[in-house]
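K.L.:
Structure incoming, see below.
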Amino acid sequence: MTNHTSQVVVDLDKCIGCWACAHVCQAGLITFADDGRQRTLRFVRICGEDCTRCAEVCPEEAITLTPATETALAGEYLTATFDLLRCRRCDAPFTTERIINKLLAVIPQEFQNDAAELSWVRLCPDCRRVTEGEKVAQEWIMSRWPGDGLA
Ligand code: SF4
Ligand code: SF4
C-alpha cells in the first residue's frame, strides 16, 4: 500500500488568509473561523490523505506538501490569525488587509489614482452589489430626469 503521508508546510509570509485551502480540504484538516475581529486558520502539520488540493488551490503558492519525515508533528496544527477589515459602508468585518492589498495590486495602472475604483475594493460583497445597483439606478434616473437623483 502506498504511503501518502505528507508534511503540510505553510509559508505564513505568503498566506493572505483567503481560506481557499480550508474550503477544498474535504478531510477537515484545514479550518477557518471569523470571530468578528479576526480570522483564524488552522493547518494540520501532517496529512495522511491521498490529496494535494490545498497546495493546488492556494493562489499564493504558500502551501507545500513534502514527504513527512518529522513524525513528531503528527496531530499538531499551525495556527495563523489575521485582523479583519471592516466594510467602509456597513462596517461589517469581511476580509483581511493582505487580500485588499492583493486586489489593489492587480488594479490596472490607469485606475490607480481613481478614488472611486480604489474605494470600491474596501466594500464588502453585499455593499458592492448595493452600490452597483444604486449606480445603475442613478444613471437611469439621470438619463430620464436630468438634474434629479437618488435621495
Ligand atoms: S492535502 Fe488534502 S486532505 Fe491534506 S490538508 Fe491538504 S487539502 Fe486537506
Ligand atoms: S489558500 Fe493559501 S493564501 Fe489562502 S488561506 Fe490557504 S494558505 Fe493562505
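Labels used: A, B, ... for chains in the order of the C-alpha cells, numbers from 1 for residues in each chain, and numbers from 1 for ligands as shown.
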What does the list of residues within 8 Å of ligand 2 look like if you count only C-alpha atoms and all ligand atoms, written as a CSV table (one decimal) with C-alpha atoms, in the first residue's frame?
P.N.:
chain,number,residue,atom,x,y,z
A,10,VAL,CA,2.7,26.7,5.1
A,11,ASP,CA,4.6,29.9,4.4
A,12,LEU,CA,2.8,32.4,6.6
A,14,LYS,CA,2.9,34.4,1.7
A,15,CYS,CA,-0.5,33.5,3.1
A,16,ILE,CA,-3.2,36.1,2.6
A,17,GLY,CA,-5.9,34.4,4.7
A,18,CYS,CA,-8.3,33.7,1.8
A,19,TRP,CA,-9.3,30.3,3.2
A,20,ALA,CA,-9.5,28.7,-0.2
A,21,CYS,CA,-7.4,25.8,1.2
A,22,ALA,CA,-9.9,25.3,4.0
A,41,LEU,CA,-6.8,29.5,10.0
A,54,CYS,CA,-4.7,22.7,-0.6
A,55,ALA,CA,-1.4,23.2,-2.4
A,57,VAL,CA,-5.7,25.8,-4.9
A,58,CYS,CA,-3.5,28.3,-3.0
A,59,PRO,CA,-3.3,31.5,-5.1
A,60,GLU,CA,-0.1,32.5,-3.3
A,61,GLU,CA,1.7,29.1,-3.5
A,62,ALA,CA,2.0,29.3,0.3
A,63,ILE,CA,1.5,25.6,0.8
K.L.:
Counting only C-alpha atoms and all ligand atoms, what residues are within 7 Å of ligand 1, given as a list in words?
P.N.:
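Listing the residues within 7 Å of ligand 1 gives Val8, Cys21, Val24, Cys25, Gln26, Ala27, Gly28, Leu29, Ile30, Val44, Cys47, Gly48, Glu49, Asp50, Cys51, Thr52, Arg53, Cys54 and Ala55 of chain A.
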K.L.:
Go ahead and write the selection's residues with C-alpha atoms as a PDB file, in the first residue's frame.
P.N.:
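Result written to part.pdb:
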ATOM      1  CA  VAL A   8       1.893  20.374   5.118  1.00  0.00           C
ATOM      2  CA  CYS A  21      -7.410  25.807   1.204  1.00  0.00           C
ATOM      3  CA  VAL A  24     -11.259  22.467  -0.564  1.00  0.00           C
ATOM      4  CA  CYS A  25      -9.993  20.284   2.299  1.00  0.00           C
ATOM      5  CA  GLN A  26     -12.584  17.549   2.418  1.00  0.00           C
ATOM      6  CA  ALA A  27     -10.906  15.903   5.401  1.00  0.00           C
ATOM      7  CA  GLY A  28     -11.428  18.995   7.550  1.00  0.00           C
ATOM      8  CA  LEU A  29      -7.713  19.211   8.292  1.00  0.00           C
ATOM      9  CA  ILE A  30      -7.572  22.909   7.447  1.00  0.00           C
ATOM     10  CA  VAL A  44      -2.703  20.330  10.035  1.00  0.00           C
ATOM     11  CA  CYS A  47      -1.646  14.798   6.446  1.00  0.00           C
ATOM     12  CA  GLY A  48      -2.243  11.148   5.650  1.00  0.00           C
ATOM     13  CA  GLU A  49      -4.726  11.719   2.831  1.00  0.00           C
ATOM     14  CA  ASP A  50      -4.048  10.949  -0.835  1.00  0.00           C
ATOM     15  CA  CYS A  51      -4.704  14.543  -1.794  1.00  0.00           C
ATOM     16  CA  THR A  52      -2.929  17.701  -2.956  1.00  0.00           C
ATOM     17  CA  ARG A  53      -5.893  20.078  -3.130  1.00  0.00           C
ATOM     18  CA  CYS A  54      -4.734  22.705  -0.643  1.00  0.00           C
ATOM     19  CA  ALA A  55      -1.376  23.179  -2.354  1.00  0.00           C
TER      20      ALA A  55
END
K.L.:
Find the distance between CA of Cys127 (chain A) and CA of Met142 (chain A) and write it in Å to one decimal.
P.N.:
21.9 Å
K.L.:
Return as a PyMOL selection string the full set of residues in chain A whose backbone-based DSSP assignment is strand (DSSP E).
P.N.:
chain A and resi 6-10+30-34+38-44+46-47+63-67+77-86+93-96
K.L.:
Next, write the just-selected residues to a file, as a tab-separated table (two decimals), in the first residue's frame, keeping N, CA and C atoms as the atom set.
P.N.:
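Result saved to selection-v8.tsv:
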chain	number	residue	atom	x	y	z
A	6	SER	N	2.08	13.22	4.20
A	6	SER	CA	2.80	14.43	3.77
A	6	SER	C	2.91	15.42	4.92
A	7	GLN	N	3.97	16.20	4.87
A	7	GLN	CA	4.06	17.33	5.77
A	7	GLN	C	3.46	18.53	5.04
A	8	VAL	N	2.55	19.20	5.71
A	8	VAL	CA	1.89	20.37	5.12
A	8	VAL	C	2.67	21.60	5.60
A	9	VAL	N	3.48	22.14	4.70
A	9	VAL	CA	4.33	23.28	5.07
A	9	VAL	C	3.67	24.56	4.57
A	10	VAL	N	3.38	25.45	5.48
A	10	VAL	CA	2.69	26.70	5.12
A	10	VAL	C	3.63	27.89	5.35
A	30	ILE	N	-7.85	21.47	7.44
A	30	ILE	CA	-7.57	22.91	7.45
A	30	ILE	C	-8.91	23.59	7.72
A	31	THR	N	-8.95	24.41	8.73
A	31	THR	CA	-10.22	25.05	9.09
A	31	THR	C	-10.02	26.56	9.21
A	32	PHE	N	-11.13	27.27	9.15
A	32	PHE	CA	-11.03	28.71	9.36
A	32	PHE	C	-12.26	29.18	10.13
A	33	ALA	N	-12.08	30.27	10.86
A	33	ALA	CA	-13.20	30.85	11.61
A	33	ALA	C	-12.98	32.35	11.70
A	34	ASP	N	-14.07	33.10	11.52
A	34	ASP	CA	-14.05	34.55	11.72
A	34	ASP	C	-14.82	34.83	13.01
A	38	GLN	N	-11.15	38.87	14.11
A	38	GLN	CA	-10.00	38.20	13.49
A	38	GLN	C	-10.45	36.96	12.72
A	39	ARG	N	-9.66	36.61	11.74
A	39	ARG	CA	-9.82	35.34	11.03
A	39	ARG	C	-8.71	34.41	11.50
A	40	THR	N	-9.09	33.21	11.88
A	40	THR	CA	-8.11	32.22	12.33
A	40	THR	C	-8.13	31.02	11.40
A	41	LEU	N	-6.97	30.69	10.87
A	41	LEU	CA	-6.81	29.50	10.04
A	41	LEU	C	-5.98	28.48	10.81
A	42	ARG	N	-6.38	27.23	10.72
A	42	ARG	CA	-5.66	26.17	11.41
A	42	ARG	C	-5.27	25.11	10.39
A	43	PHE	N	-3.98	24.90	10.25
A	43	PHE	CA	-3.46	23.97	9.25
A	43	PHE	C	-2.90	22.73	9.95
A	44	VAL	N	-3.30	21.55	9.50
A	44	VAL	CA	-2.70	20.33	10.04
A	44	VAL	C	-1.23	20.30	9.63
A	46	ILE	N	0.73	17.30	9.62
A	46	ILE	CA	0.96	16.04	8.91
A	46	ILE	C	-0.37	15.54	8.37
A	47	CYS	N	-0.41	15.26	7.08
A	47	CYS	CA	-1.65	14.80	6.45
A	47	CYS	C	-1.44	13.41	5.85
A	63	ILE	N	1.47	26.92	0.25
A	63	ILE	CA	1.45	25.57	0.84
A	63	ILE	C	2.30	24.63	0.00
A	64	THR	N	3.19	23.91	0.67
A	64	THR	CA	4.00	22.89	0.01
A	64	THR	C	3.77	21.57	0.74
A	65	LEU	N	3.55	20.52	-0.02
A	65	LEU	CA	3.40	19.19	0.56
A	65	LEU	C	4.69	18.43	0.32
A	66	THR	N	5.34	18.03	1.40
A	66	THR	CA	6.60	17.32	1.26
A	66	THR	C	6.48	15.97	1.98
A	67	PRO	N	7.29	14.99	1.60
A	67	PRO	CA	7.24	13.70	2.30
A	67	PRO	C	7.46	13.92	3.79
A	77	TYR	N	-1.05	21.23	14.84
A	77	TYR	CA	-1.61	22.20	13.90
A	77	TYR	C	-0.81	23.50	13.96
A	78	LEU	N	-0.78	24.18	12.84
A	78	LEU	CA	-0.21	25.53	12.77
A	78	LEU	C	-1.38	26.51	12.71
A	79	THR	N	-1.33	27.52	13.51
A	79	THR	CA	-2.44	28.48	13.54
A	79	THR	C	-1.95	29.85	13.06
A	80	ALA	N	-2.77	30.48	12.24
A	80	ALA	CA	-2.45	31.84	11.75
A	80	ALA	C	-3.67	32.72	11.99
A	81	THR	N	-3.45	33.93	12.44
A	81	THR	CA	-4.57	34.86	12.64
A	81	THR	C	-4.34	36.15	11.84
A	82	PHE	N	-5.43	36.66	11.33
A	82	PHE	CA	-5.40	37.89	10.53
A	82	PHE	C	-6.47	38.83	11.07
A	83	ASP	N	-6.11	40.09	11.26
A	83	ASP	CA	-7.13	41.07	11.64
A	83	ASP	C	-8.09	41.26	10.47
A	84	LEU	N	-9.39	41.34	10.78
A	84	LEU	CA	-10.38	41.55	9.72
A	84	LEU	C	-10.61	43.05	9.49
A	85	LEU	N	-10.69	43.43	8.24
A	85	LEU	CA	-11.01	44.81	7.90
A	85	LEU	C	-12.53	44.97	7.83
A	86	ARG	N	-13.00	46.18	8.12
A	86	ARG	CA	-14.43	46.44	8.09
A	86	ARG	C	-14.82	47.17	6.81
A	93	PRO	N	-17.20	43.30	9.39
A	93	PRO	CA	-15.88	42.75	9.13
A	93	PRO	C	-15.98	41.76	7.98
A	94	PHE	N	-15.06	41.84	6.99
A	94	PHE	CA	-15.28	40.96	5.84
A	94	PHE	C	-14.04	40.39	5.19
A	95	THR	N	-12.86	40.97	5.41
A	95	THR	CA	-11.70	40.42	4.70
A	95	THR	C	-10.41	40.82	5.42
A	96	THR	N	-9.29	40.37	4.87
A	96	THR	CA	-8.00	40.68	5.50
A	96	THR	C	-7.28	41.79	4.73
K.L.:
Would you mind writing down, as a list in words, each residue of region 22-116 of chain A that DSSP on the backbone assigns to helix (DSSP H, G or I)?
P.N.:
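For region 22-116 of chain A, the helix (DSSP H, G or I) set is Ala22, His23, Val24, Arg53, Cys54, Ala55, Glu56, Val57, Thr71, Ala72, Leu73, Glu97, Arg98, Ile99, Ile100, Asn101, Lys102, Leu103, Leu104, Ala105, Val106, Gln109, Glu110, Phe111, Ala115 and Ala116 of chain A.
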K.L.:
Can you work out which one of A:Gln112, A:Thr5, A:Ser119, A:Gln138 has the shortest atom-to-atom distance to Arg89 (chain A), counting only C-alpha atoms?
P.N.:
A:Ser119
K.L.:
Could you jot down the CA of Leu103 (chain A) to CA of Leu123 (chain A) separation for me, Å, one decimal place?
P.N.:
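Computing it gives 12.0 Å between the two atoms.
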K.L.:
Separation of CA of Cys124 (chain A) and CA of Ile99 (chain A), in Å?
P.N.:
12.2 Å
